[in-house]
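K.L.:
Once you've had a glance at the structure underneath, I'll fire off some questions.
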Amino acid sequence: MINLIKSKIKNKTLVVGVIGLGYVGLPLFVRFAQQGHKVFGLDIDKNKIKKLQRGISYIKHLDFSYLKKTQEKGCVFSNNFKLVSNIDFLILCLPTPLNIKREPDMSYIKKTVTQIKPYLREGQTISLESTTYPGTTEELIISKLYKKFNIGSNFFVIYSPEREDPGRKNILLKNIPKVISGYTTKCAKIGNFLYSIAFNKTVPVSSLKVAEFSKLLENIYRSVNIGLINEMKMVADKMNINIHEVIEASKTKPFGFKAFYPGPGLGGHCIPIDPFYLTWKAKKHGIDTKFIELSGLINRKITHWVISKILKKFKEEKILLKKTKILIIGAAYKKNIDDIRESPALEIIKFFKQKVTKIYYHDPYIDKIPRNRNYNISLHSSKLTNNLLKKVSAAIIVTDHDKINYLKIQQNCRLVFDSRNVYKKNIINVIKV
């Protein structure tokens with residue numbers, strides 16, 4: 001089987017399939033297509049598929065002009081899961097959100113495995129890339145397929161966690177080392193061959209659970225350190241100390257310190273969510289992960305701390321909320337992308353929308369904030385005009401996109417609340433929050 005896979009790779013006859021064409025799946029689709037392989041991109045979202053078939057990417061911060069060309073070379077975008085039978089290497093890039101109890105929601109993986117199972121055949125390899133708790137691949141994939149296949153002999157299962165970082169341009173996807181694990185040694189070996197098509201370096205590990213745990217550790221490491229610096233921000237503020245100046249001084253140390261920066265709260269699918277996957281699984285083993293949960297608590301608290309700072313300044317300036325107009329600068333969860341998932345901007349907009357006369361937002365990447373399960377906002381992005389800046393009582397910088405004219409904001413707004421340290425120097429109408 002390994003020789004057959006090697007032959008298909010060499011002859012460019014290997015067919016790759018990606019299920020879930022979001023921020024992880026779509027870049028993978030493009031990467032394998034760039035290597036000359038036929039790639040099938042599958043997704044249940046019909047509107048998404050129609051756009052991709054026309055060569056239009058819905059991820060604005062990425063240039064996917066290549067999408068149309070891939071279809072001319074035999075690549076396919078579809079919502080027909082019967083195509084799975086034509087695929088040699090199938091990659092699952094599916095959402096793993098939390099439910100209202102902050103417990104893992106595995107419904108997307110479960111439903112997809114059920115949908116594709118009738119079309120799976122011998123000789124295929126399936127890889128899960130979704131961020132999840134240790135044991136998921138065995139519980140939700142292998143347990144459903146072991147009666148149909150001899151896994152490790154005529155069918156192969158691997159886990160390789162995604163390491164996508166939307167908006168980052170200094171590191172290409174192909175240069176991010178790919179962690180690889182397999183249900184058996186042969187599974188891992190085949191997974192290593194397959195991912196080597198698209199990635200310059202692979203990192204084999206001993207088991208599926210090690211790979212699953214490694215992804216959680218990466219994200220929890222960031223969550224804990226961001227939680228720490230957000231707490232330091234609150235402490236420094238009480239002491240009238242500029243936390244950003246402290247960070248700049250500390251990071252001159254050539255060892256033992258890595259700079260993390262405070263903000264108005266965490267966003268995205270990974271950092272605010274992934275730690276709870278491990279805390280949930282740890283509790284199943286009788287372990288209470290207080291440190292991890294505390295960082296999550298602090299990172300949620302900081303959003304309301306920012307709000308409280310703004311309210312305090314309004315009170316000092318005798319600005320009445322019910323007669324106030326506010327402009328939110330940036331709705332995405334991080335700079336230079338169009339991803340709004342878990343963005344702290346949503347919580348800030350929700351709070352002030354109920355208190356003020358009018359709330360606006362400006363984001364060059366997000367034309368409209370859609371209604372979702374947690375927020376009923378339904379706002380459109382406003383143009384950043386002098387007229388708008390002058391008629392609002394304050395602008396709140398939540399996301400520091402590079403495309404925004406911050407000098408224009410500062411020169412025309414009565415008050416500017418800066419939660420991202422956009423303005424390095426002290427300016428009379430800029431308040432650090």
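Letters A, B, ... go to the chains of the structure tokens in the order shown; residues in each chain start at 1; ligands are counted from 1 in the same order.
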Extract, using only C-alpha atoms, all DNA, RNA and protein residues at most 12 Å from Arg102 (chain A), discarding same-chain residues fewer than 3 positions from it, and format them as a PyMOL selection string.
P.N.:
chain A and resi 96-99+105+272-281+293+296
K.L.:
Find the residues around Lys82 (chain A) up to 12 Å (only C-alpha atoms counted), leave out those fewer than 6 positions away in its own chain, and share them as a PyMOL selection string.
P.N.:
chain A and resi 17+40+42+115-121
K.L.:
Pull C-alpha atoms from the residues just selected and write them as a JSON list (two decimals), in the first residue's frame.
P.N.:
```json
[["chain", "number", "residue", "atom", "x", "y", "z"],
["A", 17, "GLY", "CA", -10.15, 15.74, -0.50],
["A", 40, "PHE", "CA", -11.90, 17.89, -4.12],
["A", 42, "LEU", "CA", -16.44, 19.54, 0.00],
["A", 115, "GLN", "CA", -22.44, 11.08, 5.92],
["A", 116, "ILE", "CA", -19.20, 9.88, 4.36],
["A", 117, "LYS", "CA", -19.08, 6.35, 5.80],
["A", 118, "PRO", "CA", -21.11, 4.73, 2.94],
["A", 119, "TYR", "CA", -18.63, 6.12, 0.40],
["A", 120, "LEU", "CA", -15.40, 5.18, 2.13],
["A", 121, "ARG", "CA", -13.40, 2.35, 0.54]]
```
K.L.:
Let's see if you can do this: from backbone DSSP, list all helix (DSSP H, G or I) residues in region 205-345 of chain A, as a compact mmCIF listing (two decimals) with N, CA and C atoms, in the first residue's frame.
P.N.:
```txt
# COMPACT_ATOMS: atom_id res chain seq x y z
N LEU A 208 -1.96 9.23 18.57
CA LEU A 208 -3.00 10.19 18.25
C LEU A 208 -3.22 11.16 19.42
N LYS A 209 -3.23 10.64 20.63
CA LYS A 209 -3.50 11.48 21.80
C LYS A 209 -2.40 12.50 22.03
N VAL A 210 -1.16 12.14 21.75
CA VAL A 210 -0.06 13.11 21.89
C VAL A 210 -0.27 14.27 20.93
N ALA A 211 -0.64 13.97 19.69
CA ALA A 211 -0.87 15.02 18.70
C ALA A 211 -2.07 15.89 19.09
N GLU A 212 -3.14 15.25 19.55
CA GLU A 212 -4.33 16.00 19.97
C GLU A 212 -4.00 16.92 21.15
N PHE A 213 -3.22 16.40 22.09
CA PHE A 213 -2.84 17.17 23.28
C PHE A 213 -1.92 18.32 22.90
N SER A 214 -1.04 18.09 21.92
CA SER A 214 -0.05 19.11 21.54
C SER A 214 -0.73 20.38 21.05
N LYS A 215 -1.80 20.22 20.27
CA LYS A 215 -2.52 21.39 19.77
C LYS A 215 -3.15 22.18 20.92
N LEU A 216 -3.71 21.48 21.88
CA LEU A 216 -4.31 22.15 23.04
C LEU A 216 -3.24 22.88 23.85
N LEU A 217 -2.09 22.25 24.02
CA LEU A 217 -1.01 22.89 24.77
C LEU A 217 -0.58 24.19 24.10
N GLU A 218 -0.46 24.18 22.77
CA GLU A 218 -0.06 25.38 22.04
C GLU A 218 -1.02 26.53 22.32
N ASN A 219 -2.31 26.25 22.25
CA ASN A 219 -3.30 27.30 22.43
C ASN A 219 -3.48 27.71 23.89
N ILE A 220 -3.37 26.74 24.80
CA ILE A 220 -3.48 27.06 26.22
C ILE A 220 -2.27 27.89 26.67
N TYR A 221 -1.12 27.60 26.12
CA TYR A 221 0.09 28.39 26.40
C TYR A 221 -0.17 29.86 26.08
N ARG A 222 -0.79 30.12 24.94
CA ARG A 222 -1.10 31.50 24.55
C ARG A 222 -2.18 32.10 25.46
N SER A 223 -3.20 31.30 25.75
CA SER A 223 -4.30 31.78 26.58
C SER A 223 -3.79 32.19 27.97
N VAL A 224 -2.95 31.36 28.56
CA VAL A 224 -2.43 31.63 29.90
C VAL A 224 -1.55 32.89 29.91
N ASN A 225 -0.69 33.01 28.90
CA ASN A 225 0.20 34.17 28.86
C ASN A 225 -0.54 35.47 28.54
N ILE A 226 -1.55 35.37 27.68
CA ILE A 226 -2.37 36.56 27.40
C ILE A 226 -3.17 36.92 28.65
N GLY A 227 -3.68 35.91 29.35
CA GLY A 227 -4.38 36.17 30.60
C GLY A 227 -3.47 36.86 31.61
N LEU A 228 -2.24 36.41 31.69
CA LEU A 228 -1.27 37.02 32.61
C LEU A 228 -1.05 38.49 32.27
N ILE A 229 -0.81 38.78 30.99
CA ILE A 229 -0.50 40.17 30.62
C ILE A 229 -1.74 41.05 30.72
N ASN A 230 -2.93 40.48 30.51
CA ASN A 230 -4.14 41.26 30.72
C ASN A 230 -4.33 41.62 32.19
N GLU A 231 -3.98 40.68 33.06
CA GLU A 231 -4.07 40.97 34.49
C GLU A 231 -3.02 42.02 34.89
N MET A 232 -1.82 41.89 34.32
CA MET A 232 -0.78 42.88 34.59
C MET A 232 -1.20 44.27 34.11
N LYS A 233 -1.93 44.30 33.00
CA LYS A 233 -2.45 45.58 32.49
C LYS A 233 -3.36 46.25 33.52
N MET A 234 -4.23 45.46 34.13
CA MET A 234 -5.15 46.02 35.13
C MET A 234 -4.40 46.49 36.37
N VAL A 235 -3.39 45.73 36.77
CA VAL A 235 -2.57 46.12 37.93
C VAL A 235 -1.79 47.40 37.63
N ALA A 236 -1.15 47.42 36.45
CA ALA A 236 -0.35 48.58 36.06
C ALA A 236 -1.21 49.84 35.97
N ASP A 237 -2.42 49.69 35.48
CA ASP A 237 -3.32 50.83 35.35
C ASP A 237 -3.62 51.44 36.73
N LYS A 238 -3.86 50.60 37.71
CA LYS A 238 -4.13 51.09 39.07
C LYS A 238 -2.92 51.83 39.64
N ILE A 243 1.78 49.81 30.86
CA ILE A 243 2.16 48.40 30.72
C ILE A 243 2.94 48.14 29.45
N HIS A 244 2.69 48.91 28.40
CA HIS A 244 3.40 48.71 27.14
C HIS A 244 4.87 49.11 27.25
N GLU A 245 5.13 50.14 28.01
CA GLU A 245 6.53 50.52 28.26
C GLU A 245 7.23 49.44 29.09
N VAL A 246 6.50 48.86 30.03
CA VAL A 246 7.04 47.77 30.84
C VAL A 246 7.40 46.58 29.95
N ILE A 247 6.51 46.23 29.03
CA ILE A 247 6.76 45.09 28.13
C ILE A 247 7.99 45.34 27.26
N GLU A 248 8.09 46.56 26.72
CA GLU A 248 9.24 46.89 25.86
C GLU A 248 10.55 46.76 26.64
N ALA A 249 10.52 47.16 27.88
CA ALA A 249 11.73 47.04 28.71
C ALA A 249 12.05 45.57 28.99
N SER A 250 11.02 44.81 29.34
CA SER A 250 11.22 43.40 29.72
C SER A 250 11.70 42.55 28.55
N ASP A 274 -10.50 26.48 22.98
CA ASP A 274 -9.73 25.24 23.12
C ASP A 274 -9.36 24.87 24.56
N PRO A 275 -9.00 25.84 25.43
CA PRO A 275 -8.67 25.45 26.80
C PRO A 275 -9.78 24.66 27.49
N PHE A 276 -11.04 24.98 27.15
CA PHE A 276 -12.16 24.30 27.80
C PHE A 276 -12.31 22.85 27.34
N TYR A 277 -11.71 22.52 26.20
CA TYR A 277 -11.70 21.12 25.77
C TYR A 277 -10.86 20.29 26.72
N LEU A 278 -9.72 20.85 27.12
CA LEU A 278 -8.86 20.10 28.03
C LEU A 278 -9.43 20.08 29.44
N THR A 279 -10.00 21.20 29.89
CA THR A 279 -10.57 21.21 31.25
C THR A 279 -11.73 20.21 31.35
N TRP A 280 -12.53 20.12 30.27
CA TRP A 280 -13.64 19.17 30.24
C TRP A 280 -13.12 17.73 30.31
N LYS A 281 -12.10 17.43 29.51
CA LYS A 281 -11.54 16.07 29.49
C LYS A 281 -10.82 15.77 30.80
N ALA A 282 -10.13 16.76 31.34
CA ALA A 282 -9.40 16.55 32.61
C ALA A 282 -10.36 16.19 33.73
N LYS A 283 -11.53 16.82 33.74
CA LYS A 283 -12.52 16.52 34.78
C LYS A 283 -13.01 15.08 34.70
N LYS A 284 -13.01 14.52 33.48
CA LYS A 284 -13.38 13.11 33.30
C LYS A 284 -12.36 12.20 34.00
N LYS A 290 -7.39 24.38 37.47
CA LYS A 290 -7.68 25.73 37.96
C LYS A 290 -6.90 26.80 37.20
N PHE A 291 -5.66 26.52 36.87
CA PHE A 291 -4.80 27.50 36.22
C PHE A 291 -5.34 27.85 34.83
N ILE A 292 -5.73 26.82 34.09
CA ILE A 292 -6.26 27.02 32.74
C ILE A 292 -7.58 27.79 32.79
N GLU A 293 -8.45 27.39 33.70
CA GLU A 293 -9.76 28.04 33.79
C GLU A 293 -9.62 29.50 34.24
N LEU A 294 -8.64 29.77 35.10
CA LEU A 294 -8.44 31.14 35.57
C LEU A 294 -8.03 32.06 34.42
N SER A 295 -7.17 31.58 33.53
CA SER A 295 -6.75 32.41 32.39
C SER A 295 -7.95 32.74 31.51
N GLY A 296 -8.83 31.76 31.31
CA GLY A 296 -10.04 32.01 30.53
C GLY A 296 -10.93 33.05 31.19
N LEU A 297 -11.02 32.98 32.51
CA LEU A 297 -11.83 33.93 33.26
C LEU A 297 -11.29 35.35 33.13
N ILE A 298 -9.98 35.49 33.24
CA ILE A 298 -9.35 36.81 33.13
C ILE A 298 -9.53 37.37 31.71
N ASN A 299 -9.36 36.51 30.70
CA ASN A 299 -9.47 36.98 29.32
C ASN A 299 -10.90 37.38 28.96
N ARG A 300 -11.87 36.85 29.66
CA ARG A 300 -13.26 37.31 29.47
C ARG A 300 -13.51 38.58 30.29
N LYS A 301 -12.90 38.64 31.47
CA LYS A 301 -13.08 39.79 32.37
C LYS A 301 -12.53 41.07 31.77
N ILE A 302 -11.43 40.98 31.01
CA ILE A 302 -10.76 42.18 30.51
C ILE A 302 -11.68 42.99 29.60
N THR A 303 -12.59 42.33 28.89
CA THR A 303 -13.52 43.06 28.01
C THR A 303 -14.39 44.01 28.82
N HIS A 304 -14.90 43.53 29.94
CA HIS A 304 -15.76 44.36 30.78
C HIS A 304 -14.95 45.37 31.58
N TRP A 305 -13.69 45.07 31.81
CA TRP A 305 -12.81 46.05 32.43
C TRP A 305 -12.62 47.25 31.50
N VAL A 306 -12.42 46.97 30.21
CA VAL A 306 -12.30 48.03 29.20
C VAL A 306 -13.57 48.88 29.17
N ILE A 307 -14.72 48.21 29.20
CA ILE A 307 -16.01 48.93 29.21
C ILE A 307 -16.11 49.83 30.44
N SER A 308 -15.69 49.31 31.59
CA SER A 308 -15.79 50.09 32.83
C SER A 308 -14.89 51.33 32.78
N LYS A 309 -13.73 51.20 32.14
CA LYS A 309 -12.82 52.35 31.99
C LYS A 309 -13.47 53.44 31.13
N ILE A 310 -14.16 53.00 30.08
CA ILE A 310 -14.83 53.95 29.19
C ILE A 310 -15.96 54.66 29.94
N LEU A 311 -16.74 53.89 30.69
CA LEU A 311 -17.85 54.46 31.46
C LEU A 311 -17.34 55.47 32.50
N LYS A 312 -16.23 55.15 33.11
CA LYS A 312 -15.64 56.05 34.11
C LYS A 312 -15.25 57.38 33.48
N LYS A 313 -14.65 57.32 32.28
CA LYS A 313 -14.24 58.54 31.59
C LYS A 313 -15.46 59.35 31.16
N PHE A 314 -16.51 58.68 30.70
CA PHE A 314 -17.74 59.37 30.34
C PHE A 314 -18.30 60.14 31.54
N LYS A 315 -18.24 59.49 32.68
CA LYS A 315 -18.77 60.13 33.90
C LYS A 315 -17.93 61.36 34.25
N GLU A 316 -16.63 61.25 34.14
CA GLU A 316 -15.73 62.37 34.44
C GLU A 316 -15.99 63.55 33.50
N LEU A 321 -24.80 58.79 28.69
CA LEU A 321 -24.85 57.65 27.76
C LEU A 321 -26.05 57.72 26.83
N LYS A 322 -27.21 58.04 27.38
CA LYS A 322 -28.44 58.00 26.59
C LYS A 322 -28.46 59.07 25.49
N LYS A 323 -27.51 60.03 25.57
CA LYS A 323 -27.41 61.04 24.52
C LYS A 323 -26.11 60.90 23.73
N PRO A 344 -14.10 40.27 20.81
CA PRO A 344 -14.53 41.10 21.94
C PRO A 344 -15.36 42.31 21.49
N ALA A 345 -15.21 42.69 20.22
CA ALA A 345 -16.00 43.80 19.68
C ALA A 345 -17.50 43.52 19.80
```
K.L.:
Can you pull out every residue within 12 Å of Lys69 (chain A), counting only C-alpha atoms, but drop anything in the same chain fewer than 4 positions away, and send it as a ChimeraX atom specification?
P.N.:
/A:30,33-34,36,38,52-56,64-65,73-76
K.L.:
Per DSSP on the backbone, filter region 86-273 of chain A down to the residues in strand (DSSP E or B) and report them as a list in words.
P.N.:
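Filtering region 86-273 of chain A to strand (DSSP E or B) leaves Phe89, Leu90, Ile91, Leu92, Leu98, Pro104, Thr125, Ile126, Ser127, Leu128, Ile151, Phe155, Phe156, Val157, Ile158, Tyr159, Lys178, Val179, Ile180, Ser181, Gly182, Thr202, Val203 and Pro204 of chain A.
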K.L.:
Would you list the contacts of Ile329 (chain A) as a ChimeraX atom specification, taking every protein, DNA or RNA residue within 8 Å and counting only C-alpha atoms, but skipping same-chain residues closer than 6 positions in sequence?
P.N.:
/A:361-363,395-400
K.L.:
So that each row is one residue of region 98-125 of chain A with an atom at most 8 Å from region 154-164 of chain A, can you give its shortest atom pair and the distance in Å to one decimal, using only C-alpha atoms, rows by chain and rising number, as JSON lines?
P.N.:
```
{"residue": "A:Arg121", "atom": "CA", "partner": "A:Phe155", "partner_atom": "CA", "distance": 7.8}
{"residue": "A:Glu122", "atom": "CA", "partner": "A:Asn154", "partner_atom": "CA", "distance": 5.3}
{"residue": "A:Gly123", "atom": "CA", "partner": "A:Phe155", "partner_atom": "CA", "distance": 5.2}
{"residue": "A:Gln124", "atom": "CA", "partner": "A:Phe155", "partner_atom": "CA", "distance": 5.4}
{"residue": "A:Thr125", "atom": "CA", "partner": "A:Phe156", "partner_atom": "CA", "distance": 4.5}
```
K.L.:
Keeping only C-alpha atoms, write those residues as a JSON list (two decimals), in the first residue's frame.
P.N.:
```json
[["chain", "number", "residue", "atom", "x", "y", "z"],
["A", 121, "ARG", "CA", -13.40, 2.35, 0.54],
["A", 122, "GLU", "CA", -10.27, 0.30, 1.13],
["A", 123, "GLY", "CA", -6.95, 2.00, 0.47],
["A", 124, "GLN", "CA", -8.03, 5.43, 1.67],
["A", 125, "THR", "CA", -6.44, 7.57, 4.37]]
```
K.L.:
Can you tell me, as a ChimeraX atom specification, what residues are no more than 9 Å from Ile340 (chain A) when counting only C-alpha atoms, ignoring any on the same chain fewer than 3 positions away?
P.N.:
/A:267-268,331-334,337,343-346,366,369
K.L.:
Give me, please, the distance in Å between CA of Lys325 (chain A) and CA of Ile359 (chain A), quoted to one decimal.
P.N.:
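Going from CA of Lys325 (chain A) over to CA of Ile359 (chain A) covers 5.7 Å.
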K.L.:
Quick one: residues within 10 Å of Lys144 (chain A), only C-alpha atoms counted, chain neighbours fewer than 3 positions away excluded, as a list in words?
P.N.:
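Those residues are Lys110, Val113, Thr114, Lys117, Glu138, Glu139, Leu140, Ile141, Lys147, Lys148 and Phe149 of chain A.
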K.L.:
I want to know what sits within 6 Å of Val179 (chain A), based on only C-alpha atoms, with residues of the same chain fewer than 2 positions away left out; could you give that as JSON, numbers by chain?
P.N.:
{"A": [160, 202, 203, 204]}
K.L.:
How many Å separate CA of Thr289 (chain A) from CA of Cys93 (chain A)?
P.N.:
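Those two atoms sit 27.5 Å apart.
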